[in-house]
Amino acid sequence: MSASLSMLAASILDCLRTLCAQPSSAGRPDELARSADLIATLLRRLGMQVHRVDGQGPPVVIGHRAGRTPRVLLLYHRFDAPPPGPWRAWSHEPYQVAERDGAVYGRGVAEGKGPLAAHMQALAALIEAEGDLPCGVTVVADGGGLIGSPGLAAAIAAHSPLLRADACLGSVGDRAAGGAPLCYSGNKGLLQVRLRARGPAHPLPPGAASTLPNPVWRLTWALAAIKGEDEDIRIPGFYDSVEGPSREENALLRQLKLDEAGRLAAWGAAGFLFGMRGAPLVRAEVTLPTCNLSAIHLAPEGNLALLPAGAEAALDFHLVPNQQPAEIVRLIRAYLDEKGFGDVTLEALPGGYPPARTPPDDPFIRQIAAAGALVHGVLLPIAPAGAFALPLQPFIAAHPMPCASVGAARLDSAPFGPDEHIPLEDLARHGQLLIEVLLALAGV
């Protein structure tokens with residue numbers, strides 16, 4: 001690393017130690033509240049005007065500082081993290097950042113807190129070197145990013161004028177086969193729903209299954225009606241509003257190369273669905289909506305042979321242009337009723353958002369790609385979307401602007417598993433990329 005990159009890396013590491021020492025597991029209000037207080041303090045140290053929004057979901061922290069030029073960049077980050085799981089699965093304590101072979105280990109270092117620390121320290125370096133920022137910066141730190149950002153709408157409504165910006169940048173994404181981060185000119189939307197089937201008022205002996213309906217079977221049959229073995233989502237009308245890639249986006253997809261072997265090795269997977277490789281794999285990841293079954297629960301949970309009192313399943317949908325969460329909920333309900341599953345209740349979970357899309361030839365996207373050449377030695381490859389959802393569209397709906405996302409994590413970073421890690425140099429380069437983007441946006 002160069003001397004300047006090494007100095008930035010050292011400051012990021014110090015900040016990361018502070019951030020990761022405060023747990024912020026998704027769904028744990030006390031932890032998230034303390035993390036929000038900590039982040040607010042760190043943003044104030046950058047000379048930012050800070051606001052915190054609570055009440056409609058996990059807290060959202062907003063920090064803003066004006067710059068020498070009137071242009072403004074909005075940075076979206078999440079600070080909630082997956083629970084670490086059994087600590088015995090970790091080589092280091094998950095909430096104490098450890099260094100080994102040039103990498104840092106800890107919950108949140110690769111996604112969430114790591115990119116946030118990199119951006120905050122990049123801003124601090126700019127302020128120290130130049131006395132000010134080249135343009136305005138607004139940081140939005142979301143405590144509910146992993147659960148659909150249920151508090152974001154209230155935060156945007158409460159502080160809409162403060163969120164007016166010229167562009168919006170997220171910090172999630174993959175890398176191309178050559179190792180350079182991808183610059184995403186859009187991202188998928190998110191809808192999360194819960195299906196419930198009810199049985200008897202309390203669990204019964206298993207022999208009752210000869211005369212009473214089993215809620216687990218009802219739920220299983222309803223799920224099977226929604227998605228088939230061919231991976232096709234069978235809800236009538238589900239694909240009707242899908243808008244395929246533009247001519248320019250198709251050209252980008254043909255050029256995009258993913259590290260297929262690296263993915264399979266890092267994830268411990270034998271292969272991709274239907275043996276997809278190359279262009280079909282890229283198109284599936286970028287252009288197809290998903291329906292993922294993430295959890296099934298019985299009431300009560302246990303190992304006894306019983307006829308359960310109830311069962312529920314959690315589904316999440318990643319949406320593509322022009323799919324809308326509310327319309328998908330309506331289609332699911334109508335389809336379940338049509339197939340005879342009127343007894344299966346459907347609940348849309350709080351949060352969720354439509355997909356975001358920016359033309360790949362937008363000047364902001366080109367600025368980010370060009371900044372990559374200064375930091376990574378190559379123009380960042382541009383992708384229309386990726387295999388992730390990100391709540392950038394709510395900001396765009398309030399104040400139309402281009403959006404993009406560039407991540408820092410690597411394929412083997414394990415942000416949802418034990419031993420989450422990332423090379424410290426990658427975080428330093430993530431911060432350096434922000435500096436170059438800010439200079440370009442300000443016209444420096």
# chains A, B, ... in the order shown; residues from 1 in each chain; ligands from 1

call {"tool": "select_by_dssp", "arguments": {"residues": "stretch 350-418 of chain A", "states": "strand (DSSP E)", "output": "list in words"}}
result
Ala356, Arg357, Ile382, Ala383, Cys403, Ala404 and Ser405 of chain A

call {"tool": "residues_around", "arguments": {"residues": "stretch 167-172 of chain A", "least_positions_apart": "2", "cutoff": "6 Å", "atoms": "only C-alpha atoms", "output": "ChimeraX atom specification"}}
result
/A:73-76,165,401-407

call {"tool": "write_last_selection", "arguments": {"atoms": "N, CA, C and O atoms", "output": "PDB file, in the first residue's frame"}}
result
ATOM      1  N   LEU A  73     -23.626  14.583  -2.356  1.00  0.00           N
ATOM      2  CA  LEU A  73     -23.672  13.128  -2.541  1.00  0.00           C
ATOM      3  C   LEU A  73     -24.313  12.509  -1.312  1.00  0.00           C
ATOM      4  O   LEU A  73     -23.906  12.783  -0.184  1.00  0.00           O
ATOM      5  N   LEU A  74     -25.324  11.661  -1.524  1.00  0.00           N
ATOM      6  CA  LEU A  74     -25.985  10.939  -0.437  1.00  0.00           C
ATOM      7  C   LEU A  74     -25.387   9.540  -0.356  1.00  0.00           C
ATOM      8  O   LEU A  74     -25.340   8.813  -1.355  1.00  0.00           O
ATOM      9  N   LEU A  75     -24.920   9.162   0.817  1.00  0.00           N
ATOM     10  CA  LEU A  75     -24.337   7.847   1.044  1.00  0.00           C
ATOM     11  C   LEU A  75     -25.283   7.015   1.898  1.00  0.00           C
ATOM     12  O   LEU A  75     -25.641   7.422   3.006  1.00  0.00           O
ATOM     13  N   TYR A  76     -25.698   5.861   1.372  1.00  0.00           N
ATOM     14  CA  TYR A  76     -26.557   4.966   2.153  1.00  0.00           C
ATOM     15  C   TYR A  76     -25.716   3.833   2.741  1.00  0.00           C
ATOM     16  O   TYR A  76     -24.966   3.161   2.024  1.00  0.00           O
ATOM     17  N   ALA A 165     -30.282  15.624  -2.953  1.00  0.00           N
ATOM     18  CA  ALA A 165     -28.887  15.409  -3.355  1.00  0.00           C
ATOM     19  C   ALA A 165     -28.806  15.317  -4.874  1.00  0.00           C
ATOM     20  O   ALA A 165     -29.824  15.227  -5.573  1.00  0.00           O
ATOM     21  N   MET A 401     -32.730  11.480  -8.703  1.00  0.00           N
ATOM     22  CA  MET A 401     -31.279  11.580  -8.838  1.00  0.00           C
ATOM     23  C   MET A 401     -30.754  10.235  -9.303  1.00  0.00           C
ATOM     24  O   MET A 401     -31.407   9.202  -9.123  1.00  0.00           O
ATOM     25  N   PRO A 402     -29.566  10.192  -9.890  1.00  0.00           N
ATOM     26  CA  PRO A 402     -28.968   8.907 -10.257  1.00  0.00           C
ATOM     27  C   PRO A 402     -28.481   8.173  -9.011  1.00  0.00           C
ATOM     28  O   PRO A 402     -28.156   8.788  -7.994  1.00  0.00           O
ATOM     29  N   CYS A 403     -28.443   6.854  -9.102  1.00  0.00           N
ATOM     30  CA  CYS A 403     -27.968   6.046  -7.980  1.00  0.00           C
ATOM     31  C   CYS A 403     -26.995   4.999  -8.477  1.00  0.00           C
ATOM     32  O   CYS A 403     -27.020   4.603  -9.644  1.00  0.00           O
ATOM     33  N   ALA A 404     -26.145   4.550  -7.593  1.00  0.00           N
ATOM     34  CA  ALA A 404     -25.185   3.496  -7.902  1.00  0.00           C
ATOM     35  C   ALA A 404     -24.810   2.797  -6.610  1.00  0.00           C
ATOM     36  O   ALA A 404     -25.106   3.285  -5.508  1.00  0.00           O
ATOM     37  N   SER A 405     -24.160   1.650  -6.746  1.00  0.00           N
ATOM     38  CA  SER A 405     -23.645   0.946  -5.571  1.00  0.00           C
ATOM     39  C   SER A 405     -22.334   0.272  -5.945  1.00  0.00           C
ATOM     40  O   SER A 405     -22.212  -0.318  -7.030  1.00  0.00           O
ATOM     41  N   VAL A 406     -21.358   0.385  -5.062  1.00  0.00           N
ATOM     42  CA  VAL A 406     -20.064  -0.287  -5.214  1.00  0.00           C
ATOM     43  C   VAL A 406     -19.720  -0.908  -3.863  1.00  0.00           C
ATOM     44  O   VAL A 406     -19.656  -0.201  -2.855  1.00  0.00           O
ATOM     45  N   GLY A 407     -19.528  -2.213  -3.828  1.00  0.00           N
ATOM     46  CA  GLY A 407     -19.245  -2.885  -2.575  1.00  0.00           C
ATOM     47  C   GLY A 407     -17.764  -3.039  -2.310  1.00  0.00           C
ATOM     48  O   GLY A 407     -16.918  -2.762  -3.170  1.00  0.00           O
TER      49      GLY A 407
END

call {"tool": "atom_distance", "arguments": {"atom1": "atom CA of A:Leu264", "atom2": "atom CA of A:Val193"}}
result
29.1 Å

call {"tool": "closest_residue", "arguments": {"among": "A:Pro289, A:Pro83, A:Pro236, A:Gly63", "to": "A:Pro415", "atoms": "only C-alpha atoms"}}
result
A:Pro83

call {"tool": "atom_distance", "arguments": {"atom1": "atom CA of A:Asp166", "atom2": "atom CA of A:Gly143"}}
result
23.9 Å

call {"tool": "residues_around", "arguments": {"residues": "A:Ala21", "least_positions_apart": "6", "cutoff": "10 Å", "atoms": "only C-alpha atoms", "output": "list of chain:residue names"}}
result
A:Ser35, A:Pro94, A:Tyr95, A:Gln96, A:Val97, A:Gly106, A:Arg107

call {"tool": "atom_distance", "arguments": {"atom1": "atom CA of A:Leu424", "atom2": "atom CA of A:Gln367"}}
result
24.5 Å

call {"tool": "closest_residue", "arguments": {"among": "A:Leu379, A:Leu212, A:Val60, A:Ala398", "to": "A:Leu307", "atoms": "only C-alpha atoms"}}
result
A:Leu212

call {"tool": "residues_around", "arguments": {"residues": "A:Asp230", "least_positions_apart": "4", "cutoff": "12 Å", "atoms": "only C-alpha atoms", "output": "list of chain:residue names"}}
result
A:Ala224, A:Ile226, A:Arg234, A:Leu273, A:Phe274

call {"tool": "closest_atom_pairs", "arguments": {"of": "stretch 135-206 of chain A", "to": "stretch 308-330 of chain A", "cutoff": "8 Å", "atoms": "only C-alpha atoms", "output": "tab-separated table"}}
result
residue	atom	partner	partner_atom	distance
A:Asn187	CA	A:Val320	CA	7.9
A:Lys188	CA	A:Leu319	CA	5.3
A:Gly189	CA	A:Leu319	CA	4.6
A:Leu190	CA	A:His318	CA	4.9
A:Leu191	CA	A:Phe317	CA	5.1
A:Gln192	CA	A:Asp316	CA	4.3
A:Val193	CA	A:Leu315	CA	5.4
A:Arg194	CA	A:Ala314	CA	4.6
A:Leu195	CA	A:Ala313	CA	5.3
A:Arg196	CA	A:Glu312	CA	4.3
A:Ala197	CA	A:Ala311	CA	5.4
A:Arg198	CA	A:Gly310	CA	4.4
A:Gly199	CA	A:Ala309	CA	4.6
A:Pro200	CA	A:Ala309	CA	5.0
A:Ala201	CA	A:Ala309	CA	6.0
A:His202	CA	A:Ala309	CA	5.1
A:Pro203	CA	A:Pro308	CA	4.8
A:Leu204	CA	A:Pro308	CA	6.8

call {"tool": "write_last_selection", "arguments": {"atoms": "all heavy atoms", "output": "compact mmCIF listing (two decimals), in the first residue's frame"}}
result
# COMPACT_ATOMS: atom_id res chain seq x y z
N ASN A 187 -30.44 -1.50 -8.70
CA ASN A 187 -30.51 -2.60 -7.75
C ASN A 187 -31.93 -3.11 -7.65
O ASN A 187 -32.88 -2.42 -8.02
CB ASN A 187 -30.01 -2.16 -6.37
CG ASN A 187 -30.74 -0.97 -5.82
OD1 ASN A 187 -30.29 0.16 -5.98
ND2 ASN A 187 -31.89 -1.20 -5.20
N LYS A 188 -32.07 -4.32 -7.17
CA LYS A 188 -33.39 -4.93 -7.05
C LYS A 188 -34.14 -4.37 -5.85
O LYS A 188 -33.55 -3.89 -4.89
CB LYS A 188 -33.26 -6.44 -6.94
CG LYS A 188 -32.73 -7.08 -8.22
CD LYS A 188 -32.63 -8.58 -8.12
CE LYS A 188 -32.11 -9.16 -9.44
NZ LYS A 188 -31.96 -10.63 -9.37
N GLY A 189 -35.47 -4.43 -5.95
CA GLY A 189 -36.33 -4.05 -4.84
C GLY A 189 -36.60 -5.25 -3.95
O GLY A 189 -36.15 -6.37 -4.21
N LEU A 190 -37.36 -5.03 -2.88
CA LEU A 190 -37.57 -6.07 -1.87
C LEU A 190 -39.01 -6.09 -1.39
O LEU A 190 -39.61 -5.05 -1.12
CB LEU A 190 -36.63 -5.84 -0.68
CG LEU A 190 -36.72 -6.85 0.47
CD1 LEU A 190 -36.24 -8.23 0.01
CD2 LEU A 190 -35.93 -6.38 1.67
N LEU A 191 -39.54 -7.30 -1.27
CA LEU A 191 -40.82 -7.53 -0.61
C LEU A 191 -40.66 -8.75 0.28
O LEU A 191 -40.15 -9.79 -0.16
CB LEU A 191 -41.93 -7.79 -1.64
CG LEU A 191 -43.25 -8.34 -1.08
CD1 LEU A 191 -43.94 -7.33 -0.18
CD2 LEU A 191 -44.17 -8.81 -2.20
N GLN A 192 -41.07 -8.64 1.54
CA GLN A 192 -41.04 -9.76 2.46
C GLN A 192 -42.45 -10.02 2.96
O GLN A 192 -43.15 -9.09 3.38
CB GLN A 192 -40.11 -9.46 3.64
CG GLN A 192 -38.65 -9.29 3.22
CD GLN A 192 -37.75 -8.87 4.37
OE1 GLN A 192 -37.97 -7.84 4.99
NE2 GLN A 192 -36.75 -9.67 4.66
N VAL A 193 -42.87 -11.30 2.91
CA VAL A 193 -44.22 -11.65 3.35
C VAL A 193 -44.14 -12.86 4.27
O VAL A 193 -43.16 -13.61 4.29
CB VAL A 193 -45.14 -11.98 2.15
CG1 VAL A 193 -45.23 -10.78 1.21
CG2 VAL A 193 -44.68 -13.23 1.42
N ARG A 194 -45.22 -13.04 5.04
CA ARG A 194 -45.34 -14.20 5.92
C ARG A 194 -46.66 -14.90 5.60
O ARG A 194 -47.72 -14.25 5.53
CB ARG A 194 -45.30 -13.78 7.38
CG ARG A 194 -45.40 -14.96 8.35
CD ARG A 194 -45.39 -14.49 9.80
NE ARG A 194 -44.09 -13.96 10.18
CZ ARG A 194 -43.89 -12.73 10.67
NH1 ARG A 194 -44.92 -11.90 10.79
NH2 ARG A 194 -42.70 -12.34 11.01
N LEU A 195 -46.60 -16.20 5.39
CA LEU A 195 -47.79 -17.03 5.21
C LEU A 195 -48.04 -17.81 6.49
O LEU A 195 -47.10 -18.34 7.09
CB LEU A 195 -47.61 -18.01 4.04
CG LEU A 195 -47.33 -17.44 2.66
CD1 LEU A 195 -47.21 -18.57 1.64
CD2 LEU A 195 -48.42 -16.47 2.23
N ARG A 196 -49.32 -17.89 6.89
CA ARG A 196 -49.67 -18.63 8.11
C ARG A 196 -50.83 -19.58 7.82
O ARG A 196 -51.81 -19.19 7.16
CB ARG A 196 -50.09 -17.68 9.23
CG ARG A 196 -48.96 -16.95 9.93
CD ARG A 196 -49.46 -16.35 11.24
NE ARG A 196 -48.42 -15.63 11.95
CZ ARG A 196 -48.23 -14.31 11.86
NH1 ARG A 196 -49.03 -13.59 11.09
NH2 ARG A 196 -47.26 -13.73 12.53
N ALA A 197 -50.70 -20.77 8.35
CA ALA A 197 -51.81 -21.73 8.32
C ALA A 197 -52.11 -22.14 9.75
O ALA A 197 -51.19 -22.44 10.53
CB ALA A 197 -51.43 -22.96 7.49
N ARG A 198 -53.39 -22.15 10.11
CA ARG A 198 -53.77 -22.45 11.49
C ARG A 198 -54.43 -23.83 11.57
O ARG A 198 -55.14 -24.25 10.67
CB ARG A 198 -54.74 -21.38 12.02
CG ARG A 198 -54.14 -19.98 12.01
CD ARG A 198 -54.96 -19.00 12.82
NE ARG A 198 -54.38 -17.66 12.77
CZ ARG A 198 -53.35 -17.25 13.49
NH1 ARG A 198 -52.78 -18.10 14.33
NH2 ARG A 198 -52.88 -16.02 13.38
N GLY A 199 -54.15 -24.51 12.68
CA GLY A 199 -54.73 -25.82 12.94
C GLY A 199 -55.61 -25.78 14.17
O GLY A 199 -56.32 -24.78 14.40
N PRO A 200 -55.56 -26.81 14.99
CA PRO A 200 -56.37 -26.83 16.21
C PRO A 200 -55.90 -25.78 17.21
O PRO A 200 -54.83 -25.20 17.07
CB PRO A 200 -56.16 -28.25 16.74
CG PRO A 200 -54.85 -28.68 16.17
CD PRO A 200 -54.75 -28.05 14.82
N ALA A 201 -56.72 -25.57 18.22
CA ALA A 201 -56.39 -24.54 19.22
C ALA A 201 -55.11 -24.86 19.96
O ALA A 201 -54.43 -23.97 20.47
CB ALA A 201 -57.55 -24.38 20.20
N HIS A 202 -54.76 -26.14 20.06
CA HIS A 202 -53.52 -26.56 20.71
C HIS A 202 -53.06 -27.84 20.02
O HIS A 202 -53.85 -28.51 19.34
CB HIS A 202 -53.72 -26.78 22.21
CG HIS A 202 -54.87 -27.69 22.54
ND1 HIS A 202 -54.76 -29.07 22.45
CD2 HIS A 202 -56.14 -27.43 22.94
CE1 HIS A 202 -55.92 -29.61 22.78
NE2 HIS A 202 -56.78 -28.64 23.09
N PRO A 203 -51.79 -28.21 20.17
CA PRO A 203 -51.29 -29.42 19.50
C PRO A 203 -52.07 -30.65 19.94
O PRO A 203 -52.51 -30.76 21.09
CB PRO A 203 -49.83 -29.49 19.94
CG PRO A 203 -49.47 -28.09 20.34
CD PRO A 203 -50.72 -27.49 20.90
N LEU A 204 -52.23 -31.59 19.01
CA LEU A 204 -52.96 -32.83 19.27
C LEU A 204 -52.07 -34.03 18.96
O LEU A 204 -51.08 -33.90 18.24
CB LEU A 204 -54.22 -32.89 18.41
CG LEU A 204 -55.27 -31.80 18.66
CD1 LEU A 204 -56.39 -31.91 17.65
CD2 LEU A 204 -55.81 -31.89 20.08

call {"tool": "residues_around", "arguments": {"residues": "A:Gly144", "least_positions_apart": "4", "cutoff": "12 Å", "atoms": "only C-alpha atoms", "output": "ChimeraX atom specification"}}
result
/A:24-29,32-33,35-36,53-54,56-61,77-82,112,140,148-153,155,350-352,390-391

call {"tool": "residues_around", "arguments": {"residues": "A:Ala177", "least_positions_apart": "4", "cutoff": "10 Å", "atoms": "only C-alpha atoms", "output": "ChimeraX atom specification"}}
result
/A:181-182,256-263

call {"tool": "write_last_selection", "arguments": {"atoms": "C-alpha atoms", "output": "JSON list (two decimals), in the first residue's frame"}}
result
[["chain", "number", "residue", "atom", "x", "y", "z"],
["A", 181, "PRO", "CA", -15.51, -4.11, -7.72],
["A", 182, "LEU", "CA", -18.57, -3.85, -9.94],
["A", 256, "LEU", "CA", -19.73, -8.92, -17.79],
["A", 257, "LYS", "CA", -17.62, -11.81, -16.48],
["A", 258, "LEU", "CA", -18.29, -13.30, -13.06],
["A", 259, "ASP", "CA", -15.82, -15.37, -11.05],
["A", 260, "GLU", "CA", -17.87, -18.53, -11.28],
["A", 261, "ALA", "CA", -15.28, -20.94, -9.91],
["A", 262, "GLY", "CA", -14.46, -18.54, -7.08],
["A", 263, "ARG", "CA", -18.12, -18.30, -6.12]]

call {"tool": "decode", "arguments": {"residues": "stretch 64-87 of chain A", "atoms": "N, CA and C atoms", "output": "PDB file, in the first residue's frame"}}
result
ATOM      1  N   HIS A  64     -25.332  15.387   7.882  1.00  0.00           N
ATOM      2  CA  HIS A  64     -25.094  16.213   6.686  1.00  0.00           C
ATOM      3  C   HIS A  64     -24.040  17.270   6.977  1.00  0.00           C
ATOM      4  N   ARG A  65     -23.152  17.433   5.985  1.00  0.00           N
ATOM      5  CA  ARG A  65     -22.190  18.526   6.044  1.00  0.00           C
ATOM      6  C   ARG A  65     -22.076  19.127   4.648  1.00  0.00           C
ATOM      7  N   ALA A  66     -22.171  20.442   4.572  1.00  0.00           N
ATOM      8  CA  ALA A  66     -22.032  21.134   3.290  1.00  0.00           C
ATOM      9  C   ALA A  66     -20.571  21.141   2.865  1.00  0.00           C
ATOM     10  N   GLY A  67     -20.354  21.388   1.568  1.00  0.00           N
ATOM     11  CA  GLY A  67     -19.010  21.441   1.035  1.00  0.00           C
ATOM     12  C   GLY A  67     -18.731  22.756   0.340  1.00  0.00           C
ATOM     13  N   ARG A  68     -17.585  22.815  -0.309  1.00  0.00           N
ATOM     14  CA  ARG A  68     -17.195  24.058  -0.988  1.00  0.00           C
ATOM     15  C   ARG A  68     -18.070  24.338  -2.204  1.00  0.00           C
ATOM     16  N   THR A  69     -18.594  23.299  -2.823  1.00  0.00           N
ATOM     17  CA  THR A  69     -19.493  23.466  -3.965  1.00  0.00           C
ATOM     18  C   THR A  69     -20.889  23.020  -3.558  1.00  0.00           C
ATOM     19  N   PRO A  70     -21.909  23.480  -4.253  1.00  0.00           N
ATOM     20  CA  PRO A  70     -23.273  23.191  -3.812  1.00  0.00           C
ATOM     21  C   PRO A  70     -23.738  21.763  -4.073  1.00  0.00           C
ATOM     22  N   ARG A  71     -23.009  20.990  -4.851  1.00  0.00           N
ATOM     23  CA  ARG A  71     -23.450  19.633  -5.149  1.00  0.00           C
ATOM     24  C   ARG A  71     -23.372  18.765  -3.893  1.00  0.00           C
ATOM     25  N   VAL A  72     -24.231  17.731  -3.837  1.00  0.00           N
ATOM     26  CA  VAL A  72     -24.333  16.882  -2.649  1.00  0.00           C
ATOM     27  C   VAL A  72     -24.373  15.414  -3.070  1.00  0.00           C
ATOM     28  N   LEU A  73     -23.626  14.583  -2.356  1.00  0.00           N
ATOM     29  CA  LEU A  73     -23.672  13.128  -2.541  1.00  0.00           C
ATOM     30  C   LEU A  73     -24.313  12.509  -1.312  1.00  0.00           C
ATOM     31  N   LEU A  74     -25.324  11.661  -1.524  1.00  0.00           N
ATOM     32  CA  LEU A  74     -25.985  10.939  -0.437  1.00  0.00           C
ATOM     33  C   LEU A  74     -25.387   9.540  -0.356  1.00  0.00           C
ATOM     34  N   LEU A  75     -24.920   9.162   0.817  1.00  0.00           N
ATOM     35  CA  LEU A  75     -24.337   7.847   1.044  1.00  0.00           C
ATOM     36  C   LEU A  75     -25.283   7.015   1.898  1.00  0.00           C
ATOM     37  N   TYR A  76     -25.698   5.861   1.372  1.00  0.00           N
ATOM     38  CA  TYR A  76     -26.557   4.966   2.153  1.00  0.00           C
ATOM     39  C   TYR A  76     -25.716   3.833   2.741  1.00  0.00           C
ATOM     40  N   HIS A  77     -25.870   3.621   4.045  1.00  0.00           N
ATOM     41  CA  HIS A  77     -25.219   2.514   4.755  1.00  0.00           C
ATOM     42  C   HIS A  77     -26.223   1.860   5.687  1.00  0.00           C
ATOM     43  N   ARG A  78     -26.016   0.604   5.960  1.00  0.00           N
ATOM     44  CA  ARG A  78     -26.759  -0.048   7.048  1.00  0.00           C
ATOM     45  C   ARG A  78     -25.779  -0.376   8.160  1.00  0.00           C
ATOM     46  N   PHE A  79     -26.275  -0.392   9.396  1.00  0.00           N
ATOM     47  CA  PHE A  79     -25.404  -0.774  10.499  1.00  0.00           C
ATOM     48  C   PHE A  79     -25.942  -1.958  11.289  1.00  0.00           C
ATOM     49  N   ASP A  80     -27.106  -2.495  10.916  1.00  0.00           N
ATOM     50  CA  ASP A  80     -27.527  -3.743  11.544  1.00  0.00           C
ATOM     51  C   ASP A  80     -26.724  -4.885  10.926  1.00  0.00           C
ATOM     52  N   ALA A  81     -26.534  -5.933  11.703  1.00  0.00           N
ATOM     53  CA  ALA A  81     -25.687  -7.049  11.268  1.00  0.00           C
ATOM     54  C   ALA A  81     -26.364  -8.368  11.626  1.00  0.00           C
ATOM     55  N   PRO A  82     -26.038  -9.437  10.905  1.00  0.00           N
ATOM     56  CA  PRO A  82     -26.578 -10.743  11.285  1.00  0.00           C
ATOM     57  C   PRO A  82     -26.043 -11.161  12.648  1.00  0.00           C
ATOM     58  N   PRO A  83     -26.829 -11.888  13.437  1.00  0.00           N
ATOM     59  CA  PRO A  83     -26.287 -12.429  14.691  1.00  0.00           C
ATOM     60  C   PRO A  83     -25.058 -13.284  14.383  1.00  0.00           C
ATOM     61  N   PRO A  84     -24.070 -13.315  15.275  1.00  0.00           N
ATOM     62  CA  PRO A  84     -22.835 -14.043  14.966  1.00  0.00           C
ATOM     63  C   PRO A  84     -22.985 -15.550  14.960  1.00  0.00           C
ATOM     64  N   GLY A  85     -24.073 -16.066  15.556  1.00  0.00           N
ATOM     65  CA  GLY A  85     -24.181 -17.510  15.690  1.00  0.00           C
ATOM     66  C   GLY A  85     -23.280 -18.006  16.808  1.00  0.00           C
ATOM     67  N   PRO A  86     -23.027 -19.315  16.852  1.00  0.00           N
ATOM     68  CA  PRO A  86     -22.172 -19.861  17.931  1.00  0.00           C
ATOM     69  C   PRO A  86     -20.763 -19.275  17.869  1.00  0.00           C
ATOM     70  N   TRP A  87     -20.317 -18.708  18.969  1.00  0.00           N
ATOM     71  CA  TRP A  87     -18.984 -18.109  18.995  1.00  0.00           C
ATOM     72  C   TRP A  87     -17.890 -19.152  18.775  1.00  0.00           C
TER      73      TRP A  87
END
